[in-house]
$ cat data_38.json   # JSON, C-alpha atoms
[["chain", "number", "residue", "atom", "x", "y", "z"],
["A", 1, "MET", "CA", 155.33, 115.02, 49.76],
["A", 2, "GLU", "CA", 155.81, 111.55, 51.17],
["A", 3, "GLY", "CA", 153.03, 109.19, 50.16],
["A", 4, "PHE", "CA", 151.62, 111.59, 47.59],
["A", 5, "ASN", "CA", 152.37, 111.29, 43.89],
["A", 6, "ILE", "CA", 152.35, 114.71, 42.19],
["A", 7, "ASP", "CA", 151.93, 113.96, 38.48],
["A", 8, "TYR", "CA", 150.00, 115.82, 35.77],
["A", 9, "ILE", "CA", 146.72, 114.28, 36.99],
["A", 10, "GLU", "CA", 147.34, 115.67, 40.48],
["A", 11, "ILE", "CA", 148.14, 119.10, 39.00],
["A", 12, "ILE", "CA", 144.71, 119.08, 37.30],
["A", 13, "GLY", "CA", 143.19, 118.15, 40.67],
["A", 14, "LEU", "CA", 145.07, 120.94, 42.44],
["A", 15, "ILE", "CA", 143.84, 123.51, 39.88],
["A", 16, "ALA", "CA", 140.30, 122.21, 40.48],
["A", 17, "ALA", "CA", 140.85, 122.47, 44.27],
["A", 18, "VAL", "CA", 142.03, 126.09, 44.06],
["A", 19, "LEU", "CA", 139.16, 127.12, 41.74],
["A", 20, "THR", "CA", 136.26, 125.58, 43.67],
["A", 21, "THR", "CA", 137.52, 126.62, 47.12],
["A", 22, "THR", "CA", 138.21, 130.15, 45.78],
["A", 23, "ALA", "CA", 134.63, 130.32, 44.52],
["A", 24, "PHE", "CA", 133.17, 129.09, 47.79],
["A", 25, "LEU", "CA", 135.06, 131.24, 50.34],
["A", 26, "PRO", "CA", 133.43, 134.58, 49.32],
["A", 27, "GLN", "CA", 129.99, 133.18, 50.20],
["A", 28, "ALA", "CA", 131.13, 132.54, 53.78],
["A", 29, "TYR", "CA", 132.72, 136.02, 53.91],
["A", 30, "LYS", "CA", 129.61, 137.69, 52.45],
["A", 31, "THR", "CA", 127.35, 135.93, 54.96],
["A", 32, "TRP", "CA", 129.65, 136.97, 57.83],
["A", 33, "LYS", "CA", 129.61, 140.61, 56.66],
["A", 34, "THR", "CA", 125.91, 140.96, 55.84],
["A", 35, "LYS", "CA", 124.59, 138.53, 58.48],
["A", 36, "ASP", "CA", 121.91, 137.78, 55.86],
["A", 37, "VAL", "CA", 121.12, 134.07, 56.10],
["A", 38, "SER", "CA", 117.55, 134.32, 54.80],
["A", 39, "SER", "CA", 118.37, 132.73, 51.45],
["A", 40, "LEU", "CA", 120.30, 129.86, 53.03],
["A", 41, "SER", "CA", 118.56, 126.63, 54.02],
["A", 42, "LEU", "CA", 119.85, 124.96, 57.21],
["A", 43, "THR", "CA", 118.91, 121.51, 55.91],
["A", 44, "MET", "CA", 120.85, 122.07, 52.69],
["A", 45, "LEU", "CA", 123.85, 123.46, 54.60],
["A", 46, "LEU", "CA", 123.89, 120.42, 56.88],
["A", 47, "ILE", "CA", 123.58, 117.99, 53.95],
["A", 48, "PHE", "CA", 126.42, 119.81, 52.21],
["A", 49, "PHE", "CA", 128.59, 119.80, 55.36],
["A", 50, "ILE", "CA", 128.11, 116.05, 55.87],
["A", 51, "GLY", "CA", 128.77, 115.50, 52.15],
["A", 52, "ILE", "CA", 132.09, 117.35, 52.41],
["A", 53, "LEU", "CA", 133.01, 115.17, 55.44],
["A", 54, "PHE", "CA", 132.48, 112.09, 53.24],
["A", 55, "TRP", "CA", 134.53, 113.65, 50.38],
["A", 56, "LEU", "CA", 137.34, 114.34, 52.83],
["A", 57, "ALA", "CA", 137.25, 110.72, 54.07],
["A", 58, "TYR", "CA", 137.25, 109.56, 50.41],
["A", 59, "GLY", "CA", 140.21, 111.82, 49.60],
["A", 60, "ILE", "CA", 142.19, 110.50, 52.57],
["A", 61, "LEU", "CA", 141.43, 106.86, 51.69],
["A", 62, "GLU", "CA", 142.31, 107.45, 48.02],
["A", 63, "LYS", "CA", 145.44, 109.40, 49.06],
["A", 64, "SER", "CA", 144.34, 112.27, 46.84],
["A", 65, "LEU", "CA", 146.23, 115.42, 47.87],
["A", 66, "SER", "CA", 143.88, 117.63, 45.80],
["A", 67, "MET", "CA", 140.76, 116.29, 47.48],
["A", 68, "ILE", "CA", 142.26, 116.48, 50.98],
["A", 69, "LEU", "CA", 143.31, 120.13, 50.47],
["A", 70, "ALA", "CA", 140.06, 121.24, 48.81],
["A", 71, "ASN", "CA", 137.76, 119.50, 51.27],
["A", 72, "SER", "CA", 139.72, 120.60, 54.37],
["A", 73, "ILE", "CA", 139.22, 124.24, 53.37],
["A", 74, "THR", "CA", 135.61, 123.76, 52.24],
["A", 75, "ILE", "CA", 134.72, 121.98, 55.48],
["A", 76, "ILE", "CA", 135.72, 125.15, 57.39],
["A", 77, "SER", "CA", 133.68, 127.39, 55.06],
["A", 78, "SER", "CA", 130.63, 125.16, 55.25],
["A", 79, "PHE", "CA", 130.91, 124.78, 59.04],
["A", 80, "LEU", "CA", 130.98, 128.58, 59.31],
["A", 81, "LEU", "CA", 127.85, 128.85, 57.14],
["A", 82, "VAL", "CA", 126.02, 126.34, 59.37],
["A", 83, "TYR", "CA", 127.17, 128.33, 62.44],
["A", 84, "PHE", "CA", 126.08, 131.68, 60.94],
["A", 85, "LYS", "CA", 122.72, 130.23, 59.93],
["A", 86, "ILE", "CA", 122.05, 129.01, 63.49],
["A", 87, "LYS", "CA", 123.40, 132.20, 65.11],
["A", 88, "TYR", "CA", 121.89, 134.87, 62.85],
["A", 89, "GLY", "CA", 118.80, 132.87, 61.89],
["A", 90, "LYS", "CA", 117.51, 133.15, 65.45],
["A", 91, "GLN", "CA", 117.69, 136.95, 65.46],
["A", 92, "SER", "CA", 115.32, 137.44, 62.52],
["B", 1, "MET", "CA", 130.83, 98.49, 36.04],
["B", 2, "GLU", "CA", 133.74, 97.67, 33.75],
["B", 3, "GLY", "CA", 136.88, 99.58, 34.65],
["B", 4, "PHE", "CA", 135.45, 100.80, 37.93],
["B", 5, "ASN", "CA", 136.26, 99.15, 41.23],
["B", 6, "ILE", "CA", 133.33, 99.46, 43.68],
["B", 7, "ASP", "CA", 134.84, 98.83, 47.11],
["B", 8, "TYR", "CA", 134.07, 100.40, 50.50],
["B", 9, "ILE", "CA", 136.13, 103.48, 49.57],
["B", 10, "GLU", "CA", 134.00, 104.01, 46.46],
["B", 11, "ILE", "CA", 130.83, 103.61, 48.54],
["B", 12, "ILE", "CA", 132.02, 106.46, 50.80],
["B", 13, "GLY", "CA", 132.66, 108.50, 47.65],
["B", 14, "LEU", "CA", 129.21, 107.71, 46.27],
["B", 15, "ILE", "CA", 127.56, 108.80, 49.55],
["B", 16, "ALA", "CA", 129.57, 112.05, 49.32],
["B", 17, "ALA", "CA", 128.49, 112.49, 45.69],
["B", 18, "VAL", "CA", 124.80, 112.06, 46.52],
["B", 19, "LEU", "CA", 124.97, 114.45, 49.51],
["B", 20, "THR", "CA", 126.81, 117.34, 47.85],
["B", 21, "THR", "CA", 124.87, 117.17, 44.58],
["B", 22, "THR", "CA", 121.59, 116.94, 46.56],
["B", 23, "ALA", "CA", 122.58, 120.08, 48.47],
["B", 24, "PHE", "CA", 123.52, 121.99, 45.32],
["B", 25, "LEU", "CA", 120.53, 121.25, 43.07],
["B", 26, "PRO", "CA", 117.96, 123.24, 45.14],
["B", 27, "GLN", "CA", 119.99, 126.44, 44.60],
["B", 28, "ALA", "CA", 119.63, 126.06, 40.82],
["B", 29, "TYR", "CA", 115.90, 125.29, 41.24],
["B", 30, "LYS", "CA", 115.38, 128.24, 43.60],
["B", 31, "THR", "CA", 117.15, 130.62, 41.22],
["B", 32, "TRP", "CA", 115.06, 129.33, 38.32],
["B", 33, "LYS", "CA", 111.81, 129.85, 40.29],
["B", 34, "THR", "CA", 112.58, 133.24, 41.86],
["B", 35, "LYS", "CA", 114.73, 134.61, 38.98],
["B", 36, "ASP", "CA", 116.62, 136.38, 41.81],
["B", 37, "VAL", "CA", 120.29, 136.42, 40.86],
["B", 38, "SER", "CA", 121.21, 139.56, 42.82],
["B", 39, "SER", "CA", 123.16, 137.66, 45.49],
["B", 40, "LEU", "CA", 125.08, 135.59, 42.94],
["B", 41, "SER", "CA", 128.40, 136.82, 41.54],
["B", 42, "LEU", "CA", 129.05, 135.99, 37.86],
["B", 43, "THR", "CA", 132.81, 135.86, 38.45],
["B", 44, "MET", "CA", 132.39, 133.37, 41.30],
["B", 45, "LEU", "CA", 129.94, 131.27, 39.25],
["B", 46, "LEU", "CA", 132.39, 131.12, 36.33],
["B", 47, "ILE", "CA", 135.33, 130.22, 38.60],
["B", 48, "PHE", "CA", 133.19, 127.49, 40.18],
["B", 49, "PHE", "CA", 132.06, 126.18, 36.77],
["B", 50, "ILE", "CA", 135.66, 125.99, 35.46],
["B", 51, "GLY", "CA", 136.71, 124.36, 38.75],
["B", 52, "ILE", "CA", 134.07, 121.65, 38.33],
["B", 53, "LEU", "CA", 135.32, 121.04, 34.76],
["B", 54, "PHE", "CA", 138.78, 120.38, 36.25],
["B", 55, "TRP", "CA", 137.32, 118.09, 38.96],
["B", 56, "LEU", "CA", 135.49, 116.14, 36.25],
["B", 57, "ALA", "CA", 138.74, 115.76, 34.23],
["B", 58, "TYR", "CA", 140.51, 114.66, 37.44],
["B", 59, "GLY", "CA", 137.76, 112.14, 38.21],
["B", 60, "ILE", "CA", 137.96, 110.68, 34.68],
["B", 61, "LEU", "CA", 141.78, 110.44, 34.80],
["B", 62, "GLU", "CA", 141.67, 108.87, 38.28],
["B", 63, "LYS", "CA", 138.83, 106.55, 37.15],
["B", 64, "SER", "CA", 136.80, 107.66, 40.16],
["B", 65, "LEU", "CA", 133.16, 106.76, 39.59],
["B", 66, "SER", "CA", 132.03, 108.96, 42.52],
["B", 67, "MET", "CA", 133.78, 112.05, 41.19],
["B", 68, "ILE", "CA", 132.57, 111.49, 37.62],
["B", 69, "LEU", "CA", 128.94, 111.13, 38.78],
["B", 70, "ALA", "CA", 129.01, 114.06, 41.22],
["B", 71, "ASN", "CA", 130.77, 116.47, 38.88],
["B", 72, "SER", "CA", 128.67, 115.55, 35.83],
["B", 73, "ILE", "CA", 125.53, 116.54, 37.74],
["B", 74, "THR", "CA", 127.10, 119.60, 39.39],
["B", 75, "ILE", "CA", 128.40, 120.84, 36.03],
["B", 76, "ILE", "CA", 124.80, 120.99, 34.77],
["B", 77, "SER", "CA", 123.62, 122.86, 37.91],
["B", 78, "SER", "CA", 126.49, 125.34, 37.76],
["B", 79, "PHE", "CA", 126.07, 125.89, 34.00],
["B", 80, "LEU", "CA", 122.38, 126.67, 34.64],
["B", 81, "LEU", "CA", 123.33, 129.19, 37.37],
["B", 82, "VAL", "CA", 125.76, 130.94, 34.97],
["B", 83, "TYR", "CA", 123.02, 130.96, 32.30],
["B", 84, "PHE", "CA", 120.38, 132.34, 34.74],
["B", 85, "LYS", "CA", 122.81, 135.01, 35.98],
["B", 86, "ILE", "CA", 123.47, 136.23, 32.42],
["B", 87, "LYS", "CA", 119.80, 135.98, 31.39],
["B", 88, "TYR", "CA", 118.07, 137.44, 34.47],
["B", 89, "GLY", "CA", 120.93, 139.74, 35.47],
["B", 90, "LYS", "CA", 120.34, 141.86, 32.35],
["B", 91, "GLN", "CA", 116.68, 142.45, 33.20],
["B", 92, "SER", "CA", 117.33, 144.17, 36.51]]
$ encode --input "data_38.json" --output "structure tokens"
Amino acid sequence: MEGFNIDYIEIIGLIAAVLTTTAFLPQAYKTWKTKDVSSLSLTMLLIFFIGILFWLAYGILEKSLSMILANSITIISSFLLVYFKIKYGKQS
Amino acid sequence: MEGFNIDYIEIIGLIAAVLTTTAFLPQAYKTWKTKDVSSLSLTMLLIFFIGILFWLAYGILEKSLSMILANSITIISSFLLVYFKIKYGKQS
């Protein structure tokens, strides 16, 4: 990809990206299915979401393909968790 | 720090590191206090743990201070969650 250097370091990063995003997606799916947000803290979710925004900015500035991919997917998952917490949290 | 270049990009990374590790630590603390591991999947915890190992390797190879700091702390939290899951999971 233009502007990105795929060497063995980037392959390690891409493996890391796949593993941590794979591990995180089921939590969003589980929360969507069960609508159980009791064990999730809104403050923690918001801190995490903002943290991922900063990681994404860092990845873009460092031109790290692994970080851009991983954090783009994780930002969607964590946004969904914040949304579910606000939506389903009100019902209980 | 020798070998590390602290510029505005690295400051963004350090903010990201503080935010995401701050958000993750309470989960380990909560699990330790409640001993409730029912909602945690061992497979997902192991995938996450191995993923963080790869992120740490990537951070070291890329000489990214932010990634080394964040992933060193998160590796401890995620190791503890795997340990709690194995220890407390057997009791129930």
$ residues_around --input "data_38.json" --residues "Leu56 of chain A" --least-positions-apart "3" --cutoff "6 Å" --atoms "all atoms listed in the file" --output "ChimeraX atom specification"
/A:53,59,68,71
$ write_last_selection --input "data_38.json" --atoms "C-alpha atoms" --output "short mmCIF file (atom, residue, chain, number, x, y, z; two decimals), in the frame of the given file"
data_model
loop_
_atom_site.label_atom_id
_atom_site.label_comp_id
_atom_site.auth_asym_id
_atom_site.auth_seq_id
_atom_site.Cartn_x
_atom_site.Cartn_y
_atom_site.Cartn_z
CA LEU A 53 133.01 115.17 55.44
CA GLY A 59 140.21 111.82 49.60
CA ILE A 68 142.26 116.48 50.98
CA ASN A 71 137.76 119.50 51.27
#
$ atom_distance --input "data_38.json" --atom1 "atom CA of Ala57 of chain A" --atom2 "atom CA of Ser72 of chain A"
10.2 Å
$ closest_residue --input "data_38.json" --among "A:Ile9, A:Ile73, A:Ile15, A:Leu81" --to "Phe48 of chain A" --atoms "all atoms listed in the file"
A:Leu81
$ calpha_fit_and_write --input "data_38.json" --fixed "chain A" --moving "chain B" --output "PDB file with C-alpha atoms, in the frame of the given file"
ATOM      1  CA  MET B   1     155.325 115.050  49.719  1.00  0.00           C
ATOM      2  CA  GLU B   2     155.789 111.574  51.163  1.00  0.00           C
ATOM      3  CA  GLY B   3     153.010 109.206  50.170  1.00  0.00           C
ATOM      4  CA  PHE B   4     151.606 111.596  47.600  1.00  0.00           C
ATOM      5  CA  ASN B   5     152.353 111.270  43.911  1.00  0.00           C
ATOM      6  CA  ILE B   6     152.349 114.698  42.197  1.00  0.00           C
ATOM      7  CA  ASP B   7     151.925 113.950  38.496  1.00  0.00           C
ATOM      8  CA  TYR B   8     150.001 115.813  35.780  1.00  0.00           C
ATOM      9  CA  ILE B   9     146.726 114.277  37.010  1.00  0.00           C
ATOM     10  CA  GLU B  10     147.343 115.668  40.499  1.00  0.00           C
ATOM     11  CA  ILE B  11     148.143 119.088  39.015  1.00  0.00           C
ATOM     12  CA  ILE B  12     144.715 119.089  37.313  1.00  0.00           C
ATOM     13  CA  GLY B  13     143.202 118.156  40.679  1.00  0.00           C
ATOM     14  CA  LEU B  14     145.085 120.937  42.454  1.00  0.00           C
ATOM     15  CA  ILE B  15     143.861 123.509  39.894  1.00  0.00           C
ATOM     16  CA  ALA B  16     140.308 122.222  40.507  1.00  0.00           C
ATOM     17  CA  ALA B  17     140.840 122.475  44.274  1.00  0.00           C
ATOM     18  CA  VAL B  18     142.032 126.084  44.071  1.00  0.00           C
ATOM     19  CA  LEU B  19     139.165 127.130  41.755  1.00  0.00           C
ATOM     20  CA  THR B  20     136.263 125.590  43.678  1.00  0.00           C
ATOM     21  CA  THR B  21     137.525 126.617  47.118  1.00  0.00           C
ATOM     22  CA  THR B  22     138.210 130.153  45.790  1.00  0.00           C
ATOM     23  CA  ALA B  23     134.623 130.320  44.528  1.00  0.00           C
ATOM     24  CA  PHE B  24     133.157 129.076  47.807  1.00  0.00           C
ATOM     25  CA  LEU B  25     135.038 131.224  50.336  1.00  0.00           C
ATOM     26  CA  PRO B  26     133.418 134.568  49.315  1.00  0.00           C
ATOM     27  CA  GLN B  27     129.965 133.178  50.208  1.00  0.00           C
ATOM     28  CA  ALA B  28     131.120 132.541  53.789  1.00  0.00           C
ATOM     29  CA  TYR B  29     132.722 136.020  53.905  1.00  0.00           C
ATOM     30  CA  LYS B  30     129.615 137.688  52.451  1.00  0.00           C
ATOM     31  CA  THR B  31     127.349 135.937  54.952  1.00  0.00           C
ATOM     32  CA  TRP B  32     129.644 136.962  57.803  1.00  0.00           C
ATOM     33  CA  LYS B  33     129.611 140.622  56.656  1.00  0.00           C
ATOM     34  CA  THR B  34     125.906 140.969  55.818  1.00  0.00           C
ATOM     35  CA  LYS B  35     124.594 138.529  58.486  1.00  0.00           C
ATOM     36  CA  ASP B  36     121.907 137.777  55.853  1.00  0.00           C
ATOM     37  CA  VAL B  37     121.112 134.077  56.082  1.00  0.00           C
ATOM     38  CA  SER B  38     117.534 134.322  54.785  1.00  0.00           C
ATOM     39  CA  SER B  39     118.345 132.713  51.424  1.00  0.00           C
ATOM     40  CA  LEU B  40     120.295 129.854  53.005  1.00  0.00           C
ATOM     41  CA  SER B  41     118.543 126.627  54.010  1.00  0.00           C
ATOM     42  CA  LEU B  42     119.850 124.962  57.200  1.00  0.00           C
ATOM     43  CA  THR B  43     118.907 121.508  55.903  1.00  0.00           C
ATOM     44  CA  MET B  44     120.847 122.067  52.675  1.00  0.00           C
ATOM     45  CA  LEU B  45     123.844 123.468  54.590  1.00  0.00           C
ATOM     46  CA  LEU B  46     123.906 120.417  56.880  1.00  0.00           C
ATOM     47  CA  ILE B  47     123.591 117.981  53.952  1.00  0.00           C
ATOM     48  CA  PHE B  48     126.432 119.820  52.200  1.00  0.00           C
ATOM     49  CA  PHE B  49     128.597 119.809  55.352  1.00  0.00           C
ATOM     50  CA  ILE B  50     128.105 116.042  55.882  1.00  0.00           C
ATOM     51  CA  GLY B  51     128.773 115.490  52.163  1.00  0.00           C
ATOM     52  CA  ILE B  52     132.095 117.332  52.415  1.00  0.00           C
ATOM     53  CA  LEU B  53     133.019 115.170  55.440  1.00  0.00           C
ATOM     54  CA  PHE B  54     132.489 112.104  53.216  1.00  0.00           C
ATOM     55  CA  TRP B  55     134.530 113.659  50.363  1.00  0.00           C
ATOM     56  CA  LEU B  56     137.350 114.345  52.827  1.00  0.00           C
ATOM     57  CA  ALA B  57     137.259 110.702  54.055  1.00  0.00           C
ATOM     58  CA  TYR B  58     137.256 109.558  50.403  1.00  0.00           C
ATOM     59  CA  GLY B  59     140.204 111.827  49.586  1.00  0.00           C
ATOM     60  CA  ILE B  60     142.195 110.494  52.568  1.00  0.00           C
ATOM     61  CA  LEU B  61     141.429 106.848  51.682  1.00  0.00           C
ATOM     62  CA  GLU B  62     142.300 107.454  48.013  1.00  0.00           C
ATOM     63  CA  LYS B  63     145.434 109.398  49.073  1.00  0.00           C
ATOM     64  CA  SER B  64     144.338 112.271  46.846  1.00  0.00           C
ATOM     65  CA  LEU B  65     146.224 115.402  47.858  1.00  0.00           C
ATOM     66  CA  SER B  66     143.879 117.628  45.797  1.00  0.00           C
ATOM     67  CA  MET B  67     140.748 116.293  47.469  1.00  0.00           C
ATOM     68  CA  ILE B  68     142.251 116.476  50.966  1.00  0.00           C
ATOM     69  CA  LEU B  69     143.301 120.121  50.455  1.00  0.00           C
ATOM     70  CA  ALA B  70     140.048 121.244  48.810  1.00  0.00           C
ATOM     71  CA  ASN B  71     137.748 119.518  51.282  1.00  0.00           C
ATOM     72  CA  SER B  72     139.723 120.594  54.365  1.00  0.00           C
ATOM     73  CA  ILE B  73     139.227 124.233  53.366  1.00  0.00           C
ATOM     74  CA  THR B  74     135.617 123.772  52.224  1.00  0.00           C
ATOM     75  CA  ILE B  75     134.734 121.996  55.478  1.00  0.00           C
ATOM     76  CA  ILE B  76     135.741 125.143  57.388  1.00  0.00           C
ATOM     77  CA  SER B  77     133.683 127.399  55.059  1.00  0.00           C
ATOM     78  CA  SER B  78     130.627 125.155  55.252  1.00  0.00           C
ATOM     79  CA  PHE B  79     130.911 124.773  59.045  1.00  0.00           C
ATOM     80  CA  LEU B  80     130.990 128.589  59.311  1.00  0.00           C
ATOM     81  CA  LEU B  81     127.849 128.860  57.127  1.00  0.00           C
ATOM     82  CA  VAL B  82     126.016 126.347  59.375  1.00  0.00           C
ATOM     83  CA  TYR B  83     127.191 128.316  62.438  1.00  0.00           C
ATOM     84  CA  PHE B  84     126.099 131.688  60.933  1.00  0.00           C
ATOM     85  CA  LYS B  85     122.716 130.232  59.928  1.00  0.00           C
ATOM     86  CA  ILE B  86     122.052 129.012  63.488  1.00  0.00           C
ATOM     87  CA  LYS B  87     123.415 132.197  65.097  1.00  0.00           C
ATOM     88  CA  TYR B  88     121.897 134.875  62.831  1.00  0.00           C
ATOM     89  CA  GLY B  89     118.800 132.877  61.887  1.00  0.00           C
ATOM     90  CA  LYS B  90     117.518 133.135  65.474  1.00  0.00           C
ATOM     91  CA  GLN B  91     117.731 136.932  65.488  1.00  0.00           C
ATOM     92  CA  SER B  92     115.318 137.460  62.619  1.00  0.00           C
TER      93      SER B  92
END
$ atom_distance --input "data_38.json" --atom1 "atom CA of Lys90 of chain A" --atom2 "atom CA of Tyr29 of chain A"
19.3 Å
$ atom_distance --input "data_38.json" --atom1 "atom CA of Ser77 of chain A" --atom2 "atom CA of Phe49 of chain A"
9.1 Å
$ interface_residues --input "data_38.json" --of "chain B" --to "chain A" --cutoff "8 Å" --atoms "only C-alpha atoms" --output "ChimeraX atom specification"
/B:9-10,12-13,15-20,22-24,44-45,47-48,50-55,57-58,61-62
$ residues_around --input "data_38.json" --residues "Ser38 of chain A" --least-positions-apart "6" --cutoff "10 Å" --atoms "only C-alpha atoms" --output "VMD selection string"
chain A and resid 31 85 88 to 89 92
$ residues_around --input "data_38.json" --residues "Lys87 of chain A" --least-positions-apart "6" --cutoff "12 Å" --atoms "all atoms listed in the file" --output "PyMOL selection string"
chain A and resi 31-32+35-37+42+80-81
$ write_last_selection --input "data_38.json" --atoms "C-alpha atoms" --output "compact mmCIF listing (two decimals), keeping the file's coordinate frame"
# COMPACT_ATOMS: atom_id res chain seq x y z
CA THR A 31 127.35 135.93 54.96
CA TRP A 32 129.65 136.97 57.83
CA LYS A 35 124.59 138.53 58.48
CA ASP A 36 121.91 137.78 55.86
CA VAL A 37 121.12 134.07 56.10
CA LEU A 42 119.85 124.96 57.21
CA LEU A 80 130.98 128.58 59.31
CA LEU A 81 127.85 128.85 57.14
$ build_atoms --input "data_38.json" --residues "segment 50-57 of chain B" --atoms "all heavy atoms" --output "CSV table (one decimal), in the coordinates of the input"
chain,number,residue,atom,x,y,z
B,50,ILE,N,134.4,126.4,36.0
B,50,ILE,CA,135.7,126.0,35.5
B,50,ILE,C,136.3,125.0,36.4
B,50,ILE,O,136.9,124.0,36.0
B,50,ILE,CB,136.6,127.2,35.2
B,50,ILE,CG1,136.0,128.1,34.1
B,50,ILE,CG2,138.0,126.7,34.7
B,50,ILE,CD1,136.6,129.4,33.9
B,51,GLY,N,136.2,125.3,37.7
B,51,GLY,CA,136.7,124.4,38.8
B,51,GLY,C,136.1,123.0,38.7
B,51,GLY,O,136.8,122.0,38.7
B,52,ILE,N,134.8,122.9,38.4
B,52,ILE,CA,134.1,121.6,38.3
B,52,ILE,C,134.5,120.9,37.1
B,52,ILE,O,134.7,119.7,37.1
B,52,ILE,CB,132.5,121.9,38.3
B,52,ILE,CG1,132.1,122.4,39.7
B,52,ILE,CG2,131.8,120.5,38.1
B,52,ILE,CD1,132.3,121.5,40.9
B,53,LEU,N,134.8,121.7,36.0
B,53,LEU,CA,135.3,121.0,34.8
B,53,LEU,C,136.6,120.3,35.1
B,53,LEU,O,136.9,119.2,34.6
B,53,LEU,CB,135.6,122.1,33.7
B,53,LEU,CG,134.4,122.5,32.8
B,53,LEU,CD1,134.8,123.6,31.8
B,53,LEU,CD2,134.0,121.3,31.9
B,54,PHE,N,137.5,121.0,35.9
B,54,PHE,CA,138.8,120.4,36.2
B,54,PHE,C,138.6,119.2,37.2
B,54,PHE,O,139.2,118.1,37.0
B,54,PHE,CB,139.7,121.4,36.9
B,54,PHE,CG,140.5,122.2,36.0
B,54,PHE,CD1,140.0,123.4,35.4
B,54,PHE,CD2,141.8,121.8,35.6
B,54,PHE,CE1,140.8,124.1,34.5
B,54,PHE,CE2,142.6,122.5,34.7
B,54,PHE,CZ,142.0,123.7,34.2
B,55,TRP,N,137.6,119.2,38.1
B,55,TRP,CA,137.3,118.1,39.0
B,55,TRP,C,136.8,116.9,38.1
B,55,TRP,O,137.2,115.8,38.4
B,55,TRP,CB,136.3,118.4,40.0
B,55,TRP,CG,136.8,119.1,41.2
B,55,TRP,CD1,136.3,120.3,41.8
B,55,TRP,CD2,137.8,118.7,42.2
B,55,TRP,NE1,137.0,120.6,42.9
B,55,TRP,CE2,137.9,119.6,43.2
B,55,TRP,CE3,138.7,117.6,42.2
B,55,TRP,CZ2,138.8,119.5,44.2
B,55,TRP,CZ3,139.6,117.5,43.2
B,55,TRP,CH2,139.7,118.4,44.2
B,56,LEU,N,136.0,117.2,37.1
B,56,LEU,CA,135.5,116.1,36.2
B,56,LEU,C,136.6,115.5,35.5
B,56,LEU,O,136.7,114.2,35.4
B,56,LEU,CB,134.4,116.7,35.3
B,56,LEU,CG,133.7,115.7,34.4
B,56,LEU,CD1,133.0,114.6,35.2
B,56,LEU,CD2,132.8,116.4,33.4
B,57,ALA,N,137.6,116.3,34.9
B,57,ALA,CA,138.7,115.8,34.2
B,57,ALA,C,139.6,114.9,35.2
B,57,ALA,O,140.0,113.8,34.8
B,57,ALA,CB,139.6,116.9,33.7
